[in-house]
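Visitor: I have a structure here, written as structure tokens, and I will follow up with some questions on it.
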Amino acid sequence: ELKVEQNPLFLSMQEGKNYTIYCNYSTTSDRLYWYRQDPGKSLESLFVLLSNGAVKQEGRLMASLDTKARLSTLHITAAVHDLSATYFCAFQYGNKLVFGAGTILRVKS
Amino acid sequence: GAVVSQHPSRVICKSGTSVKIECRSLDFQATTMFWYRQFPKQSLMLMATSNEGSKATYEQGVEKDKFLINHASLTLSTLTVTSAHPEDSSFYICSASRDGVTYEQYFGPGTRLTVT
């Protein structure tokens, strides 16, 4: 079964704190994506991870990939209110994407 | 590059009518286009995959006669929701791939459909 388990599903964070979102996927894949979605909007691509050990960083977000463990993480450093959104991971399977359920992130001041 | 547009962004229609949503790749030719629907606080659900000039491939459980997909050119795909009912109200998102190797998808801004 093609499956992505994302956790937590809901994350309430204090500004300035660090946290990690986990994404476990069920089968071998060449590409792992992270997206951000704001309310009422479509998906915004954050990261594409292509190989084992890949790490990418943009601002306060850092994504990594462990293909052997079929695990990707999205680490948030010193959260700010602007990061409040829903974050999805997805892995590529053939020509399709298999999405996780999404993590709703709320950053509180 | 890799911009995908959708039209309309919002549509309200009466129950029993049909509504067409357009998805265009603006600066590239799309080998494959994808249609998703998303209910509130849920993930994206793939409805169908289409290639230019071919019949769409629908995911299990998606009614082909209700959700008509036409991929008439390398830059345009349309989704027609026929005989719409309130339960079809959803956020519909299209995406497009510009190569048949990586199939990296570029997402449109979405269409909010409300059926009254």
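Just remember, in the structure tokens the first chain shown is A, the second B, etc., residues are 1-based per chain, and ligands are 1-based in the order shown.
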Would you pick out the contacts of region 60-62 of chain B at 12 Å or less, using only C-alpha atoms, so that residues sharing its chain but fewer than 6 positions from it are not included, and give the list as a list in words?
Guide: Trp35, Tyr36, Arg37, Met45, Leu46, Met47, Ala48, Thr49, Leu68, Ile69, Val81 and Asp88 of chain B
Visitor: Which residues of chain A sit at most 8 Å from chain B, using only C-alpha atoms? Give each one's shortest atom pair and distance in Å (one decimal place), in chain and ascending residue order, as a tab-separated table.
Guide:
residue	atom	partner	partner_atom	distance
A:Lys41	CA	B:Pro109	CA	6.4
A:Ser42	CA	B:Pro109	CA	4.9
A:Leu43	CA	B:Phe107	CA	6.4
A:Glu44	CA	B:Phe107	CA	7.7
A:Phe88	CA	B:Ser43	CA	8.0
A:Gly94	CA	B:Tyr103	CA	7.9
A:Asn95	CA	B:Tyr103	CA	5.4
A:Lys96	CA	B:Tyr103	CA	7.6
A:Phe99	CA	B:Leu44	CA	6.9
A:Gly100	CA	B:Ser43	CA	6.9
A:Ala101	CA	B:Ser43	CA	5.0
A:Gly102	CA	B:Ser43	CA	6.3
Visitor: For His75 (chain A), which residue out of A:Asn52, A:Phe91, A:Asn18, A:Glu1 is the nearest one, using only C-alpha atoms?
Guide: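 Closest candidate: A:Asn18.
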Visitor: Measuring atom to atom with only C-alpha atoms, identify which of B:Ser50, B:Thr57, B:Thr17, B:Thr78 is nearest to Ser5 (chain B).
Guide: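 Closest residue, counting only C-alpha atoms: B:Thr78.
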Visitor: If you run DSSP on the backbone, which residues of chain A are strand (DSSP E or B), as a ChimeraX atom specification?
Guide: /A:4-7,10-14,19-25,32-37,43-49,55-58,61-66,71-76,85-93,96-99,103-108
Visitor: Just want the 8 Å neighbourhood of Pro8 (chain B), counted on only C-alpha atoms, with same-chain residues fewer than 2 positions away dropped. Output as a ChimeraX atom specification.
Guide: /B:6,10-11,21-22,111
Visitor: Could you save the residues just selected, with C-alpha atoms, as a PDB file, in the first residue's frame?
Guide:
ATOM      1  CA  GLN B   6      -6.634  27.994 -13.218  1.00  0.00           C
ATOM      2  CA  ARG B  10     -14.150  30.696  -7.513  1.00  0.00           C
ATOM      3  CA  VAL B  11     -17.443  29.513  -8.923  1.00  0.00           C
ATOM      4  CA  ILE B  21     -12.624  24.535 -14.794  1.00  0.00           C
ATOM      5  CA  GLU B  22      -9.610  25.330 -16.952  1.00  0.00           C
ATOM      6  CA  THR B 111     -10.682  26.655  -7.890  1.00  0.00           C
TER       7      THR B 111
END
Visitor: Excluding Leu61 (chain A) and its own-chain neighbours fewer than 3 positions away, which residues fall within 6 Å of it when counting only C-alpha atoms? Please give them as a list in words.
Guide: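 Here the qualifying residues turn out to be Gln57, Glu58, His75 and Ile76 of chain A.
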Visitor: Store the residues picked out above, limited to C-alpha atoms, as a PDB file, in the first residue's frame.
Guide:
ATOM      1  CA  GLN A  57      17.559  24.784   4.054  1.00  0.00           C
ATOM      2  CA  GLU A  58      15.543  27.883   3.365  1.00  0.00           C
ATOM      3  CA  HIS A  75      12.842  21.116  11.062  1.00  0.00           C
ATOM      4  CA  ILE A  76      11.630  24.518  12.132  1.00  0.00           C
TER       5      ILE A  76
END
